[in-house]
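Pasted below: run-v2.cif, mmCIF, C-alpha atoms.
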data_target
#
loop_
_atom_site.label_atom_id
_atom_site.label_comp_id
_atom_site.auth_asym_id
_atom_site.auth_seq_id
_atom_site.Cartn_x
_atom_site.Cartn_y
_atom_site.Cartn_z
CA MET A 24 -79.13 -62.53 14.91
CA ARG A 25 -80.44 -62.08 18.46
CA GLY A 26 -78.08 -60.13 20.69
CA ALA A 27 -75.88 -59.15 17.76
CA PRO A 28 -75.34 -55.49 16.90
CA GLU A 29 -77.60 -53.99 14.23
CA SER A 30 -76.22 -53.55 10.75
CA ARG A 31 -75.34 -49.94 10.01
CA TYR A 32 -74.33 -47.72 7.14
CA TYR A 33 -70.64 -47.67 8.07
CA GLY A 34 -70.55 -51.17 9.54
CA TYR A 35 -68.16 -52.26 12.26
CA SER A 36 -64.43 -51.89 11.64
CA VAL A 37 -61.15 -53.02 13.11
CA GLY A 38 -57.70 -52.01 11.92
CA HIS A 39 -54.06 -52.95 12.33
CA TRP A 40 -50.70 -52.02 10.88
CA GLU A 41 -49.50 -54.83 8.62
CA ASN A 42 -46.12 -53.16 8.26
CA ASP A 43 -44.70 -49.68 8.81
CA ASN A 44 -46.55 -48.27 5.82
CA THR A 45 -49.75 -50.28 5.45
CA LEU A 46 -52.87 -49.93 7.56
CA VAL A 47 -55.40 -52.72 7.01
CA ILE A 48 -59.06 -52.18 7.95
CA GLU A 49 -61.63 -54.97 8.04
CA THR A 50 -65.32 -54.08 8.04
CA THR A 51 -68.58 -56.03 8.25
CA GLY A 52 -72.18 -55.53 9.43
CA LEU A 53 -73.14 -53.10 6.66
CA ASP A 54 -76.71 -51.93 6.15
CA GLU A 55 -77.95 -53.79 3.07
CA ARG A 56 -79.92 -50.83 1.75
CA ALA A 57 -76.76 -49.11 0.60
CA TRP A 58 -75.08 -49.99 -2.69
CA LEU A 59 -71.39 -50.64 -3.13
CA ASP A 60 -71.17 -48.21 -6.03
CA GLU A 61 -73.11 -46.06 -8.47
CA ALA A 62 -73.49 -49.05 -10.79
CA GLY A 63 -75.74 -50.65 -8.20
CA HIS A 64 -73.62 -53.56 -7.00
CA PRO A 65 -75.30 -54.92 -3.86
CA HIS A 66 -73.75 -56.17 -0.66
CA SER A 67 -75.09 -58.21 2.21
CA ALA A 68 -74.80 -57.50 5.91
CA MET A 69 -72.28 -60.35 6.04
CA ALA A 70 -70.02 -58.81 3.40
CA HIS A 71 -66.43 -58.56 4.48
CA ILE A 72 -64.66 -55.46 3.18
CA GLN A 73 -60.91 -55.08 3.42
CA GLU A 74 -59.23 -51.70 2.90
CA ARG A 75 -55.48 -51.51 2.55
CA TYR A 76 -53.97 -48.05 2.89
CA THR A 77 -50.31 -47.96 1.89
CA ARG A 78 -48.35 -44.74 2.31
CA THR A 79 -45.76 -45.05 -0.43
CA ASP A 80 -43.94 -41.82 0.42
CA GLN A 81 -44.45 -38.47 2.13
CA TYR A 82 -47.16 -37.32 -0.24
CA ASN A 83 -48.75 -40.46 -1.70
CA LEU A 84 -51.31 -42.86 -0.33
CA GLN A 85 -52.63 -45.89 -2.18
CA LEU A 86 -55.88 -47.63 -1.34
CA THR A 87 -57.08 -51.07 -2.41
CA VAL A 88 -60.53 -52.29 -1.40
CA THR A 89 -61.52 -55.96 -1.63
CA VAL A 90 -65.05 -57.32 -1.21
CA ASP A 91 -65.73 -60.84 0.02
CA ASP A 92 -69.48 -61.47 0.02
CA ALA A 93 -70.43 -65.09 -0.63
CA LYS A 94 -74.14 -64.24 -0.67
CA TYR A 95 -73.86 -62.15 -3.83
CA TYR A 96 -70.49 -62.90 -5.44
CA THR A 97 -68.81 -66.17 -6.39
CA LYS A 98 -65.40 -65.11 -5.17
CA PRO A 99 -63.64 -62.16 -3.54
CA TRP A 100 -63.01 -59.26 -5.88
CA THR A 101 -61.13 -56.02 -5.97
CA PHE A 102 -63.75 -53.35 -5.69
CA MET A 103 -61.54 -50.31 -6.16
CA ARG A 104 -58.05 -48.94 -6.33
CA ALA A 105 -57.44 -45.27 -5.65
CA ASN A 106 -54.58 -42.88 -5.10
CA PHE A 107 -54.59 -39.96 -2.71
CA TYR A 108 -52.22 -37.04 -2.62
CA TRP A 109 -51.31 -34.98 0.44
CA MET A 110 -53.16 -31.65 0.46
CA LYS A 111 -50.85 -28.75 1.03
CA ALA A 112 -53.40 -26.55 2.82
CA GLN A 113 -54.97 -29.52 4.63
CA ASP A 114 -58.36 -27.99 4.07
CA PHE A 115 -61.13 -28.50 1.57
CA ALA A 116 -64.59 -27.22 0.77
CA GLU A 117 -67.61 -28.54 2.63
CA THR A 118 -69.50 -30.98 0.41
CA LEU A 119 -72.81 -32.26 1.71
CA CYS A 120 -75.84 -33.82 0.08
CA ILE A 121 -78.77 -31.53 0.91
CA PRO A 122 -81.94 -33.60 0.58
CA SER A 123 -84.20 -30.62 -0.16
CA GLU A 124 -81.94 -29.65 -3.06
CA ALA A 125 -81.91 -33.24 -4.33
CA ILE A 126 -85.72 -33.33 -4.25
CA GLN A 127 -85.91 -29.98 -6.01
CA TYR A 128 -83.53 -31.23 -8.69
CA ARG A 129 -85.56 -34.42 -9.09
CA ASP A 130 -88.85 -32.58 -9.44
CA THR A 131 -87.69 -29.79 -11.74
CA LEU A 132 -85.01 -31.38 -13.91
CA ALA A 133 -84.56 -35.13 -13.54
CA ARG A 134 -88.20 -36.20 -13.43
CA PRO A 135 -90.45 -33.23 -14.14
CA SER A 136 -93.26 -35.54 -15.30
CA GLY A 137 -93.30 -37.12 -11.83
CA ILE A 138 -93.09 -40.68 -13.16
CA ASP A 139 -91.64 -42.95 -10.48
CA ALA A 140 -88.75 -45.06 -11.77
CA ARG A 141 -89.37 -47.89 -9.28
CA MET F 24 -79.25 -48.50 11.47
CA ARG F 25 -81.93 -46.55 13.23
CA SER F 26 -83.51 -43.43 11.89
CA ARG F 27 -85.24 -40.56 13.55
CA TYR F 28 -88.49 -41.03 11.68
CA ILE F 29 -89.11 -44.58 12.74
CA GLY F 30 -89.47 -42.96 16.16
CA ALA F 31 -91.53 -40.12 14.75
CA ILE F 32 -94.00 -42.55 13.23
CA ALA F 33 -94.47 -44.26 16.55
CA GLY F 34 -95.15 -40.91 18.18
CA GLY F 35 -95.09 -39.73 21.73
CA ALA F 36 -97.91 -41.98 22.89
CA ILE F 37 -95.60 -44.96 23.35
CA VAL F 38 -93.02 -43.15 25.43
CA LEU F 39 -94.34 -44.63 28.66
CA LEU F 40 -94.38 -48.10 27.19
CA LEU F 41 -90.83 -47.67 26.00
CA THR F 42 -89.79 -46.54 29.44
CA VAL F 43 -91.17 -49.74 30.94
CA LEU F 44 -89.57 -51.84 28.22
CA ALA F 45 -86.26 -50.04 28.65
CA ALA F 46 -86.27 -50.83 32.35
CA ALA F 47 -86.94 -54.48 31.60
CA GLN F 48 -84.24 -54.48 28.94
CA ASN F 49 -81.79 -52.91 31.34
CA ASN F 50 -82.42 -55.71 33.78
CA GLN F 51 -81.82 -58.23 31.03
CA GLN F 52 -78.68 -56.35 30.00
CA ASN F 53 -77.29 -56.64 33.47
CA ASN F 54 -77.24 -60.41 33.17
CA ALA F 55 -76.59 -60.87 29.45
CA PRO F 56 -73.11 -61.20 28.02
CA ARG F 57 -71.83 -57.90 26.70
CA SER F 58 -70.86 -57.27 23.10
CA PRO F 59 -67.99 -54.81 22.75
CA TRP F 60 -69.77 -53.52 19.64
CA LYS F 61 -72.98 -52.36 21.30
CA TYR F 62 -73.95 -49.26 23.21
CA TYR F 63 -75.63 -50.07 26.52
CA PRO F 64 -77.41 -47.00 27.95
CA ALA F 65 -77.62 -48.71 31.34
CA ASP F 66 -73.85 -49.15 31.49
CA ARG F 67 -72.94 -45.77 32.87
CA SER F 68 -69.87 -44.26 34.38
CA VAL F 69 -70.01 -44.20 38.16
CA GLY F 70 -69.48 -40.91 39.93
CA ASP F 71 -67.09 -38.35 38.57
CA GLY F 72 -64.28 -40.85 37.97
CA GLY F 73 -61.73 -38.60 39.64
CA PRO F 74 -59.97 -35.48 38.42
CA ALA F 75 -60.13 -34.55 34.77
CA PRO F 76 -56.99 -35.11 32.73
CA LYS F 77 -55.38 -31.87 31.65
CA ARG F 78 -56.09 -30.48 28.17
CA ASP F 79 -57.79 -33.65 27.05
CA LEU F 80 -61.35 -34.11 25.75
CA THR F 81 -60.51 -37.17 23.65
CA GLY F 82 -63.05 -39.97 23.74
CA THR F 83 -66.71 -40.84 23.23
CA TRP F 84 -69.34 -39.02 25.26
CA ALA F 85 -73.03 -39.66 25.94
CA GLY F 86 -75.29 -36.66 25.40
CA PRO F 87 -78.70 -35.58 26.68
CA GLN F 88 -80.66 -37.96 24.42
CA SER F 89 -78.43 -40.98 25.01
CA GLY F 90 -80.71 -42.66 27.54
CA ALA F 91 -77.80 -42.62 29.99
CA ALA F 92 -79.38 -40.17 32.47
CA VAL F 93 -77.02 -37.34 31.58
CA PRO F 94 -77.65 -34.19 33.70
CA ARG F 95 -80.25 -31.86 32.24
CA SER F 96 -79.47 -28.43 30.87
CA ARG F 97 -80.02 -25.39 33.08
CA VAL F 98 -80.97 -23.40 29.99
CA ASN F 99 -82.54 -25.63 27.35
CA PRO F 100 -80.55 -24.91 24.18
CA LYS F 101 -83.36 -26.21 21.99
CA ASN F 102 -85.67 -23.44 23.17
CA PRO F 103 -83.70 -20.78 25.04
CA PRO F 104 -84.95 -17.34 25.98
CA ALA F 105 -83.61 -15.03 23.28
CA PRO F 106 -82.55 -11.41 23.65
CA PRO F 107 -84.54 -8.79 21.72
CA LEU F 108 -84.28 -9.23 17.98
CA THR F 109 -83.40 -6.46 15.55
CA PRO F 110 -86.05 -5.66 12.91
CA LEU F 111 -84.23 -7.93 10.44
CA GLY F 112 -83.94 -10.68 13.06
CA GLN F 113 -87.65 -10.41 13.83
CA GLN F 114 -88.47 -10.60 10.12
CA LEU F 115 -86.44 -13.81 9.72
CA PHE F 116 -87.79 -15.32 12.92
CA ASP F 117 -91.39 -14.63 11.89
CA ARG F 118 -90.79 -16.47 8.64
CA ASN F 119 -89.77 -19.70 10.40
CA LYS F 120 -92.40 -22.25 11.44
CA PRO F 121 -90.97 -24.72 13.97
CA LEU F 122 -92.38 -28.14 14.70
CA GLY F 123 -94.37 -27.94 17.91
CA LYS F 124 -96.00 -24.67 17.01
CA TYR F 125 -96.79 -26.20 13.63
CA SER F 126 -97.67 -29.73 12.53
CA PRO F 127 -95.36 -31.86 10.34
CA ALA F 128 -97.42 -30.60 7.40
CA GLY F 129 -97.19 -26.96 8.46
CA THR F 130 -93.59 -26.61 9.58
CA ASN F 131 -90.93 -25.24 7.26
CA ASP F 132 -88.05 -26.59 9.37
CA PRO F 133 -85.71 -27.86 6.63
CA HIS F 134 -84.55 -30.74 8.82
CA VAL F 135 -88.04 -31.87 9.72
CA ARG F 136 -89.26 -31.58 6.12
CA TYR F 137 -86.22 -32.95 4.32
CA CYS F 138 -83.51 -34.19 6.71
CA ASP F 139 -81.41 -31.20 5.64
CA PRO F 140 -78.44 -30.69 7.97
CA TYR F 141 -79.14 -28.75 11.13
CA GLY F 142 -75.95 -26.84 10.64
CA PHE F 143 -73.99 -25.33 13.50
CA PRO F 144 -74.83 -24.44 16.27
CA GLN F 145 -78.07 -26.44 16.27
CA ASN F 146 -76.17 -29.65 15.54
CA MET F 147 -74.53 -29.33 18.98
CA THR F 148 -77.87 -29.03 20.79
CA ASN F 149 -80.43 -31.14 18.94
CA GLU F 150 -80.59 -34.96 18.72
CA ILE F 151 -77.44 -35.15 20.81
CA ARG F 152 -77.09 -38.78 21.74
CA GLY F 153 -73.36 -38.75 21.67
CA MET F 154 -70.16 -37.52 20.13
CA THR F 155 -66.51 -38.43 19.84
CA ILE F 156 -63.72 -35.89 20.18
CA THR F 157 -60.35 -36.63 18.65
CA THR F 158 -57.27 -34.50 18.27
CA MET F 159 -54.49 -33.95 15.74
CA PRO F 160 -51.47 -31.71 16.34
CA ASN F 161 -53.12 -28.76 14.58
CA ARG F 162 -56.84 -29.62 14.77
CA THR F 163 -59.54 -31.02 16.98
CA PHE F 164 -62.38 -32.97 15.41
CA ILE F 165 -65.86 -33.36 16.84
CA LEU F 166 -67.54 -36.43 15.37
CA LEU F 167 -71.28 -36.15 15.84
CA GLN F 168 -73.21 -39.39 15.98
CA TYR F 169 -76.42 -37.93 14.59
CA MET F 170 -76.14 -37.57 10.81
CA ASP F 171 -72.61 -39.04 10.86
CA LEU F 172 -70.84 -35.73 10.45
CA TRP F 173 -67.76 -34.06 11.74
CA ARG F 174 -66.64 -30.59 12.67
CA GLU F 175 -63.09 -29.40 12.16
CA ILE F 176 -61.59 -26.97 14.68
CA TRP F 177 -58.21 -25.49 13.87
CA THR F 178 -55.83 -25.08 16.80
CA ASP F 179 -52.77 -23.85 14.92
CA GLY F 180 -53.22 -20.24 15.97
CA ARG F 181 -54.93 -18.98 12.83
CA THR F 182 -57.67 -16.37 13.14
CA LEU F 183 -61.23 -16.71 11.92
CA PRO F 184 -61.95 -15.64 8.34
CA THR F 185 -63.72 -12.37 7.70
CA ASN F 186 -66.32 -11.51 5.11
CA VAL F 187 -67.40 -15.11 4.46
CA GLY F 188 -69.96 -15.14 1.67
CA GLY F 189 -68.82 -11.78 0.37
CA ARG F 190 -67.66 -10.98 -3.14
CA GLY F 191 -64.17 -11.41 -4.46
CA ARG F 192 -61.99 -14.21 -5.72
CA ASP F 193 -60.51 -15.13 -2.35
CA ASN F 194 -63.67 -14.94 -0.31
CA LEU F 195 -64.97 -18.09 1.31
CA ASP F 196 -68.35 -19.76 1.00
CA PRO F 197 -70.54 -20.13 4.09
CA LYS F 198 -70.53 -23.65 5.53
CA TYR F 199 -73.14 -25.66 7.40
CA ASN F 200 -70.53 -26.15 10.13
CA GLY F 201 -68.87 -22.77 9.68
CA TYR F 202 -65.17 -22.05 10.19
CA SER F 203 -63.82 -22.84 13.66
CA VAL F 204 -60.71 -22.15 15.69
CA GLY F 205 -60.00 -23.39 19.20
CA HIS F 206 -57.66 -22.85 22.10
CA TRP F 207 -57.25 -23.99 25.70
CA GLU F 208 -58.22 -21.22 28.06
CA ASP F 209 -56.94 -23.25 31.00
CA ASP F 210 -56.13 -26.93 31.58
CA TYR F 211 -59.81 -27.91 31.59
CA THR F 212 -61.57 -25.43 29.31
CA PHE F 213 -61.39 -25.64 25.54
CA VAL F 214 -62.86 -22.58 23.79
CA VAL F 215 -64.07 -22.78 20.19
CA ASP F 216 -65.02 -19.75 18.11
CA THR F 217 -66.99 -20.21 14.89
CA THR F 218 -68.27 -17.97 12.09
CA GLY F 219 -69.25 -18.20 8.40
CA LEU F 220 -72.47 -20.16 8.97
CA ALA F 221 -74.84 -21.16 6.18
CA PRO F 222 -77.67 -18.65 6.71
CA ASN F 223 -80.47 -21.00 5.64
CA THR F 224 -80.11 -23.03 8.84
CA TRP F 225 -81.66 -22.24 12.20
CA ALA F 226 -79.62 -21.56 15.34
CA THR F 227 -82.10 -23.38 17.58
CA ASP F 228 -84.84 -25.97 17.34
CA SER F 229 -87.25 -23.18 18.26
CA ALA F 230 -86.38 -21.44 14.96
CA TYR F 231 -84.20 -18.55 16.08
CA PRO F 232 -82.17 -17.46 13.05
CA HIS F 233 -78.52 -16.57 12.62
CA SER F 234 -76.62 -14.67 9.97
CA VAL F 235 -73.46 -15.70 8.09
CA ASP F 236 -71.52 -13.32 10.31
CA ALA F 237 -72.75 -14.68 13.62
CA ARG F 238 -69.90 -15.39 16.05
CA VAL F 239 -70.57 -18.46 18.15
CA GLN F 240 -68.44 -19.32 21.14
CA GLU F 241 -68.46 -22.78 22.67
CA ARG F 242 -66.81 -23.48 26.00
CA PHE F 243 -66.10 -27.16 26.65
CA HIS F 244 -65.29 -27.54 30.32
CA ARG F 245 -64.14 -30.93 31.56
CA ASP F 246 -65.46 -30.95 35.11
CA SER F 247 -64.03 -34.40 35.94
CA LYS F 248 -62.90 -37.57 34.20
CA ASN F 249 -66.54 -38.50 33.52
CA ASP F 250 -68.18 -35.09 33.05
CA LEU F 251 -68.04 -32.56 30.25
CA THR F 252 -70.13 -29.38 30.05
CA LEU F 253 -70.63 -27.33 26.91
CA THR F 254 -71.99 -23.78 27.01
CA ILE F 255 -72.84 -21.86 23.84
CA THR F 256 -73.14 -18.12 23.27
CA MET F 257 -73.90 -16.44 19.94
CA ASP F 258 -73.11 -12.83 19.09
CA ASP F 259 -74.99 -11.76 15.97
CA PRO F 260 -75.57 -7.98 15.97
CA LYS F 261 -77.39 -8.08 12.63
CA LEU F 262 -80.20 -10.12 14.17
CA TYR F 263 -79.96 -9.66 17.96
CA THR F 264 -79.53 -6.55 20.07
CA LYS F 265 -77.14 -8.30 22.45
CA PRO F 266 -75.27 -11.62 22.76
CA PHE F 267 -77.54 -14.66 22.90
CA TYR F 268 -76.78 -17.30 25.56
CA ILE F 269 -78.09 -20.41 23.80
CA GLY F 270 -77.65 -22.78 26.73
CA ASP F 271 -75.67 -25.65 28.18
CA VAL F 272 -75.29 -29.30 27.16
CA HIS F 273 -73.90 -32.00 29.45
CA PHE F 274 -72.02 -35.12 28.50
CA ARG F 275 -70.93 -38.24 30.39
CA TRP F 276 -68.07 -40.57 29.58
CA ILE F 277 -69.26 -43.85 27.98
CA PRO F 278 -67.50 -46.82 29.61
CA ASN F 279 -67.16 -49.00 26.48
CA GLN F 280 -66.83 -45.96 24.18
CA MET F 281 -69.47 -47.26 21.74
CA LEU F 282 -72.41 -45.36 20.24
CA ASP F 283 -75.40 -46.59 18.27
CA ASP F 284 -75.84 -45.41 14.72
CA PHE F 285 -78.69 -42.92 14.43
CA THR F 286 -79.51 -40.66 11.55
CA CYS F 287 -82.23 -39.02 9.50
CA ILE F 288 -82.91 -40.94 6.29
CA PRO F 289 -84.55 -38.76 3.64
CA SER F 290 -86.39 -41.59 1.87
CA GLU F 291 -87.96 -42.75 5.14
CA LEU F 292 -88.90 -39.19 6.03
CA GLN F 293 -90.59 -38.60 2.67
CA ARG F 294 -92.51 -41.86 3.11
CA TYR F 295 -93.57 -40.80 6.60
CA LEU F 296 -94.76 -37.41 5.34
CA THR F 297 -96.64 -38.94 2.43
CA GLU F 298 -98.34 -41.63 4.50
CA MET F 299 -98.84 -39.92 7.85
CA GLY F 300 -97.32 -36.51 8.51
CA ASP F 301 -98.50 -34.62 5.44
CA PRO F 302 -100.71 -36.88 3.29
CA ALA F 303 -102.35 -33.88 1.61
CA GLY F 304 -98.94 -32.68 0.42
CA SER F 305 -98.55 -29.09 1.57
CA ASP F 306 -97.03 -26.50 -0.74
CA PRO F 307 -93.29 -27.18 -0.86
CA SER F 308 -92.55 -23.52 -1.45
CA ALA F 309 -94.30 -22.70 1.81
CA ALA F 310 -92.17 -25.29 3.52
CA ARG F 311 -88.84 -23.75 2.52
#
Target format structure tokens, applied to this file:
Amino acid sequence: MRGAPESRYYGYSVGHWENDNTLVIETTGLDERAWLDEAGHPHSAMAHIQERYTRTDQYNLQLTVTVDDAKYYTKPWTFMRANFYWMKAQDFAETLCIPSEAIQYRDTLARPSGIDAR
Amino acid sequence: MRSRYIGAIAGGAIVLLLTVLAAAQNNQQNNAPRSPWKYYPADRSVGDGGPAPKRDLTGTWAGPQSGAAVPRSRVNPKNPPAPPLTPLGQQLFDRNKPLGKYSPAGTNDPHVRYCDPYGFPQNMTNEIRGMTITTMPNRTFILLQYMDLWREIWTDGRTLPTNVGGRGRDNLDPKYNGYSVGHWEDDYTFVVDTTGLAPNTWATDSAYPHSVDARVQERFHRDSKNDLTLTITMDDPKLYTKPFYIGDVHFRWIPNQMLDDFTCIPSELQRYLTEMGDPAGSDPSAAR
């Protein structure tokens, strides 16, 4: 839409506290090239994603994600539920996707014959 | 979502045209209704905005490539004059083939060939359109717009790790962003020290190397409410005979605190190389 912001990989988000323990984040404007999950579920730029983060106690955080995307799905659906636990050291290893390593893996192990899956 | 290689495909020949178009767009922007979700390069902070707040860098800042007429560097950190290299440093430097000296087909810059992360410190000096700084009680985070990544700087008084990448059960792996600690030197200067850098990355766009044990010091000085200056020095005795002043980067406060998305997308880069940049397909081993 003219004058509207471009879609982007992380979309556009707003958040608010629904109660003392639940932060609700609403997101839209996602880049359609990305998938929702490894299974390949699509989403449109108009998809509306709601994340609900509930801190149940000092060390536990629960997340529920709901997808509302009338272009691809007949009704809103719960995309994921996940639990997070407080990390004692508050530090974790760096984990990045390195494209050159991914290409090397593709060419030597995943698809050594070079046949394109598309 | 914009990507670097859409711009690369267009090439430098259209820079002048873009400049003209940008001026026209800016005029249109001045009259058009503003979206709170968009970054407007023409909407710039006016003057210095008054005195800097004390011990506070929090917020979203426009960098040198933001289009917001941010002051230029005195020493260009993408291609700074380096001190004499040690024999090992010279050997590593000679192995690197930066874009500019080499074509897209001839360079072995891992970012240009694959969108691999720049790693620190190059990610503070290259493709810097903007960044957000946010603070927790024991950490400061730098959220870099380009490549959507963050750096974590511990401010709880811990010291930097030693012997990163060495042997032993408790030793740490090198990181693309290294291990960082920070402290306030005075009310307006935040000093960050970093080590443990992934050695396969380059320190500068011009291909100067660094070792895992390099010690990089950043000094973020908030000159005023609207101005932030970063200076970077690297001490890496394995590769350089004396400390290397990499340069300075300036930032300006963004009035609506929004940034555009901008990243390197590997699939688009590979398509660009196949169709335009390197259609003959140079030897990948030579490019790493």
Around the point (-59.0, -38.1, 38.9), in the coordinates given by the file, pick out the residues reaching within 10 Å, counting all atoms listed in the file, and return them as a ChimeraX atom specification. /F:71-76,247-249
Output of the above residues as a compact mmCIF listing (two decimals), in the coordinates of the input, restricted to C-alpha atoms:
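Okay, this is what ended up in selection-v2.txt:
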# COMPACT_ATOMS: atom_id res chain seq x y z
CA ASP F 71 -67.09 -38.35 38.57
CA GLY F 72 -64.28 -40.85 37.97
CA GLY F 73 -61.73 -38.60 39.64
CA PRO F 74 -59.97 -35.48 38.42
CA ALA F 75 -60.13 -34.55 34.77
CA PRO F 76 -56.99 -35.11 32.73
CA SER F 247 -64.03 -34.40 35.94
CA LYS F 248 -62.90 -37.57 34.20
CA ASN F 249 -66.54 -38.50 33.52
Residues of chain A within 7 Å of chain F, only C-alpha atoms counted, as an mmCIF file with C-alpha atoms, in the coordinates of the input:
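Output file iface37.cif follows:
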data_model
loop_
_atom_site.group_PDB
_atom_site.id
_atom_site.type_symbol
_atom_site.label_atom_id
_atom_site.label_comp_id
_atom_site.auth_asym_id
_atom_site.auth_seq_id
_atom_site.Cartn_x
_atom_site.Cartn_y
_atom_site.Cartn_z
ATOM 1 C CA PRO A 28 -75.340 -55.490 16.900
ATOM 2 C CA GLU A 29 -77.600 -53.990 14.230
ATOM 3 C CA SER A 30 -76.220 -53.550 10.750
ATOM 4 C CA ARG A 31 -75.340 -49.940 10.010
ATOM 5 C CA TYR A 32 -74.330 -47.720 7.140
ATOM 6 C CA ASP A 54 -76.710 -51.930 6.150
ATOM 7 C CA GLU A 117 -67.610 -28.540 2.630
ATOM 8 C CA ILE A 121 -78.770 -31.530 0.910
ATOM 9 C CA PRO A 122 -81.940 -33.600 0.580
ATOM 10 C CA SER A 123 -84.200 -30.620 -0.160
#
Name all residues at most 8 Å from Pro144 in chain F (count all atoms listed in the file; drop same-chain ones fewer than 3 positions away) and give them as a PyMOL selection string. chain F and resi 141+147-148+200+226-227+239
Between CA of Asn161 in chain F and CA of Val204 in chain F, what distance in Å does the model show, to one decimal?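 Computed distance, CA of Asn161 in chain F to CA of Val204 in chain F, equals 10.1 Å.
On the file presented, the PyMOL selection byres ((chain A and resi 99) around 7) picks out Thr89, Val90, Asp91, Asp92, Lys98 and Trp100 of chain A.
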